[in-house]
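Source file: run_5.csv; contents: CSV, C-alpha atoms.
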```csv
chain,number,residue,atom,x,y,z
A,392,MET,CA,11.5,33.4,-4.2
A,393,GLU,CA,13.4,31.2,-6.6
A,394,LYS,CA,15.6,29.8,-3.8
A,395,ILE,CA,12.5,28.8,-1.8
A,396,TRP,CA,10.9,27.1,-4.8
A,397,SER,CA,14.1,25.5,-5.9
A,398,LEU,CA,14.4,23.6,-2.6
A,399,ARG,CA,10.7,22.8,-2.4
A,400,LEU,CA,10.7,21.3,-5.9
A,401,ILE,CA,13.9,19.4,-5.5
A,402,ARG,CA,12.6,17.9,-2.2
A,403,LEU,CA,9.3,16.9,-3.9
A,404,ALA,CA,11.3,15.4,-6.8
A,405,ALA,CA,13.3,13.3,-4.3
A,406,VAL,CA,10.0,12.0,-2.8
A,407,PHE,CA,8.8,11.1,-6.3
A,408,GLY,CA,12.2,9.5,-7.0
A,409,VAL,CA,11.9,7.2,-4.0
A,410,ILE,CA,8.3,6.3,-4.7
A,411,GLY,CA,9.0,5.6,-8.4
A,412,THR,CA,12.0,3.4,-7.7
A,413,VAL,CA,10.2,1.5,-4.9
A,414,ILE,CA,7.4,0.8,-7.4
A,415,GLY,CA,9.9,-0.3,-10.0
A,416,SER,CA,11.7,-2.5,-7.5
A,417,SER,CA,8.5,-4.1,-6.4
A,418,MET,CA,7.4,-4.8,-10.0
A,419,SER,CA,10.7,-6.3,-10.8
A,420,GLY,CA,10.7,-8.5,-7.7
A,421,SER,CA,7.2,-9.7,-8.2
A,422,MET,CA,7.4,-9.9,-12.0
A,423,ASP,CA,4.1,-8.1,-12.1
A,424,TYR,CA,4.4,-5.0,-14.4
A,425,GLY,CA,0.8,-3.8,-14.0
A,426,LEU,CA,2.0,-0.5,-12.5
A,427,ARG,CA,4.3,0.4,-15.4
A,428,PRO,CA,2.3,3.5,-16.5
A,429,ILE,CA,2.1,4.8,-12.9
A,430,HIS,CA,5.8,4.1,-12.3
A,431,ALA,CA,6.8,5.9,-15.6
A,432,HIS,CA,4.7,9.0,-14.8
A,433,ILE,CA,5.9,9.2,-11.3
A,434,LEU,CA,9.5,9.2,-12.5
A,435,LEU,CA,9.0,11.4,-15.5
A,436,ALA,CA,6.4,14.0,-14.3
A,437,GLY,CA,7.3,13.7,-10.7
A,438,TRP,CA,11.0,13.1,-10.5
A,439,LEU,CA,12.5,14.4,-13.7
A,440,SER,CA,10.3,17.4,-14.5
A,441,VAL,CA,10.0,18.7,-10.9
A,442,PHE,CA,13.7,18.2,-10.4
A,443,ALA,CA,14.5,20.1,-13.6
A,444,TRP,CA,12.3,23.0,-12.5
A,445,GLY,CA,14.0,23.1,-9.1
A,446,ILE,CA,17.4,23.3,-10.7
A,447,PHE,CA,16.2,26.0,-13.1
A,448,TYR,CA,15.1,28.1,-10.1
A,449,LYS,CA,18.5,27.5,-8.4
A,450,VAL,CA,20.3,28.8,-11.5
A,451,TYR,CA,18.1,31.6,-12.8
A,452,ARG,CA,16.4,34.7,-11.3
A,453,VAL,CA,13.0,35.4,-12.6
A,454,ARG,CA,11.6,39.0,-12.9
A,455,SER,CA,8.1,38.0,-11.6
A,456,SER,CA,7.8,36.4,-8.2
A,457,LEU,CA,4.1,36.0,-8.8
A,458,LEU,CA,4.8,33.9,-11.9
A,459,VAL,CA,7.3,31.8,-9.9
A,460,ASN,CA,4.7,31.2,-7.2
A,461,ILE,CA,1.9,30.3,-9.6
A,462,HIS,CA,4.2,27.9,-11.5
A,463,GLY,CA,5.5,26.4,-8.3
A,464,TRP,CA,2.0,25.6,-6.9
A,465,THR,CA,0.7,24.3,-10.2
A,466,ALA,CA,3.8,22.1,-10.4
A,467,VAL,CA,3.3,20.7,-7.0
A,468,LEU,CA,-0.5,20.2,-7.3
A,469,GLY,CA,-0.3,19.0,-10.9
A,470,SER,CA,2.4,16.4,-10.4
A,471,ILE,CA,0.8,15.0,-7.2
A,472,GLY,CA,-2.7,15.2,-8.7
A,473,LEU,CA,-1.7,13.5,-12.0
A,474,THR,CA,0.3,10.7,-10.5
A,475,SER,CA,-2.1,10.0,-7.6
A,476,GLY,CA,-5.1,10.3,-9.9
A,477,MET,CA,-3.5,7.8,-12.2
A,478,TRP,CA,-3.0,5.4,-9.3
A,479,PHE,CA,-6.7,5.9,-8.1
A,480,TYR,CA,-7.9,5.5,-11.7
A,481,ASN,CA,-6.0,2.3,-12.3
A,482,LEU,CA,-6.3,0.6,-8.9
A,483,ASN,CA,-8.9,2.6,-6.8
A,484,PRO,CA,-7.4,1.3,-3.6
A,485,PHE,CA,-9.8,3.3,-1.4
A,486,ASN,CA,-12.9,2.5,-3.5
A,487,PHE,CA,-13.6,6.1,-4.4
A,488,ASN,CA,-16.6,6.9,-6.6
A,489,ASP,CA,-15.6,6.5,-10.2
A,490,ALA,CA,-16.8,10.0,-11.2
A,491,PHE,CA,-14.7,11.5,-8.4
A,492,VAL,CA,-11.6,9.6,-9.5
A,493,LEU,CA,-12.0,10.6,-13.1
A,494,VAL,CA,-12.5,14.3,-12.2
A,495,TYR,CA,-9.5,14.2,-9.8
A,496,PHE,CA,-7.3,12.6,-12.5
A,497,ILE,CA,-8.4,15.2,-15.1
A,498,ILE,CA,-7.8,18.1,-12.7
A,499,GLY,CA,-4.4,16.8,-11.8
A,500,GLY,CA,-3.4,16.4,-15.4
A,501,THR,CA,-4.7,19.8,-16.4
A,502,LEU,CA,-2.8,21.5,-13.6
A,503,LEU,CA,0.4,19.8,-14.7
A,504,LEU,CA,-0.3,20.9,-18.3
A,505,ILE,CA,-0.8,24.4,-17.0
A,506,SER,CA,2.5,24.1,-15.1
A,507,PHE,CA,4.4,23.1,-18.2
A,508,ILE,CA,2.9,26.1,-20.1
A,509,LEU,CA,3.7,28.5,-17.3
A,510,PHE,CA,7.3,27.2,-17.2
A,511,LEU,CA,7.6,28.0,-20.8
A,512,VAL,CA,6.4,31.6,-20.0
A,513,VAL,CA,8.8,31.8,-17.0
A,514,THR,CA,11.8,31.0,-19.2
A,515,PHE,CA,11.1,34.3,-21.0
A,516,PHE,CA,11.2,36.3,-17.8
A,517,ILE,CA,14.7,35.6,-16.5
A,518,GLU,CA,17.0,38.4,-15.4
A,519,ASP,CA,20.2,39.0,-17.3
A,520,LYS,CA,23.3,38.4,-15.3
```
Would you encode the structure as structure tokens?
Amino acid sequence: MEKIWSLRLIRLAAVFGVIGTVIGSSMSGSMDYGLRPIHAHILLAGWLSVFAWGIFYKVYRVRSSLLVNIHGWTAVLGSIGLTSGMWFYNLNPFNFNDAFVLVYFIIGGTLLLISFILFLVVTFFIEDK
């Protein structure tokens, strides 16, 4: 299970890395730094955290595949939900209802918080080599 989640998380991190650097490049070229918070969260929550979790699952075996699955899904949904929710909240490019955007943003952030807590728990369930 760890091998599957390792690759999924590393691929997702790579997507976040590309999006984050494109946003950074665009901001730099236009000298408009209005997307700084979104850029930072995409690179920190999306690229760095998700990549680190992927590497962790490549290196360690975890005694509970259910815990790995739950953490993996909360990591995916939370990182996408937080970063896209932040984008919707700040720019609202699709003119979504404000209440929907706020709830979407909160749910994404909460899922990511749960993912971080679950990762802490996962680190106590690794198999000895």
Long-range neighbours of Val409 of chain A as a short mmCIF file (atom, residue, chain, number, x, y, z; two decimals) with C-alpha atoms, in the frame of the given file, 10 Å cut-off, all atoms listed in the file, 6 positions minimum in chain:
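File written: selection_17.cif
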```cif
data_model
loop_
_atom_site.label_atom_id
_atom_site.label_comp_id
_atom_site.auth_asym_id
_atom_site.auth_seq_id
_atom_site.Cartn_x
_atom_site.Cartn_y
_atom_site.Cartn_z
CA GLY A 415 9.90 -0.30 -10.00
CA ILE A 433 5.90 9.20 -11.30
CA LEU A 434 9.50 9.20 -12.50
CA TRP A 438 11.00 13.10 -10.50
#
```
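Proximity to His432 of chain A at 9 Å, evaluated using only C-alpha atoms and with sequence-adjacent residues fewer than 3 positions away removed, yields Gly411, Arg427, Pro428, Ile429, Leu435, Ala436, Gly437, Trp438, Ser470, Leu473, Thr474 and Met477 of chain A.
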| message | When you look at segment 485-497 of chain A with a cut-off of 10 Å (counting only C-alpha atoms), what residues show up, excluding the ones that are within fewer than 5 positions of it in the same chain? I need them as a VMD selection string. | response | chain A and resid 469 471 to 480 502 to 503
Filtering to C-alpha atoms, could you give me those residues as a JSON list (two decimals), in the frame of the given file?
```
[["chain", "number", "residue", "atom", "x", "y", "z"],
["A", 469, "GLY", "CA", -0.30, 19.00, -10.90],
["A", 471, "ILE", "CA", 0.80, 15.00, -7.20],
["A", 472, "GLY", "CA", -2.70, 15.20, -8.70],
["A", 473, "LEU", "CA", -1.70, 13.50, -12.00],
["A", 474, "THR", "CA", 0.30, 10.70, -10.50],
["A", 475, "SER", "CA", -2.10, 10.00, -7.60],
["A", 476, "GLY", "CA", -5.10, 10.30, -9.90],
["A", 477, "MET", "CA", -3.50, 7.80, -12.20],
["A", 478, "TRP", "CA", -3.00, 5.40, -9.30],
["A", 479, "PHE", "CA", -6.70, 5.90, -8.10],
["A", 480, "TYR", "CA", -7.90, 5.50, -11.70],
["A", 502, "LEU", "CA", -2.80, 21.50, -13.60],
["A", 503, "LEU", "CA", 0.40, 19.80, -14.70]]
```
| Residues within 8 Å of Val459 of chain A, only C-alpha atoms, excluding chain neighbours under 5 positions, as a list in words | Met392, Glu393, Trp396, Val453 and Val513 of chain A
| Between A:Gly500, A:Leu468, A:Asn481, A:Ile461, which is the closest to Val512 of chain A once you count all atoms listed in the file? |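 Looking only at the distances to Val512 of chain A, the closest residue turns out to be A:Ile461.
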| request: Kindly give the distance, in Å, that separates atom CA of Val406 of chain A and atom CA of Thr465 of chain A, rounded to a single decimal. | output: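 Going from atom CA of Val406 of chain A over to atom CA of Thr465 of chain A covers 17.1 Å.
Candidate residues A:Ile414, A:Leu511, A:Ile498, A:Ala466 were compared for distance to Gly445 of chain A, and the nearest is A:Ala466, using all atoms listed in the file.
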| request: Determine the nearest neighbour of Ile446 of chain A from the options A:Val413, A:Leu400, A:Leu504, A:Met422, counting only C-alpha atoms. | output: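 Of A:Val413, A:Leu400, A:Leu504, A:Met422, the one nearest Ile446 of chain A is A:Leu400, counting only C-alpha atoms.
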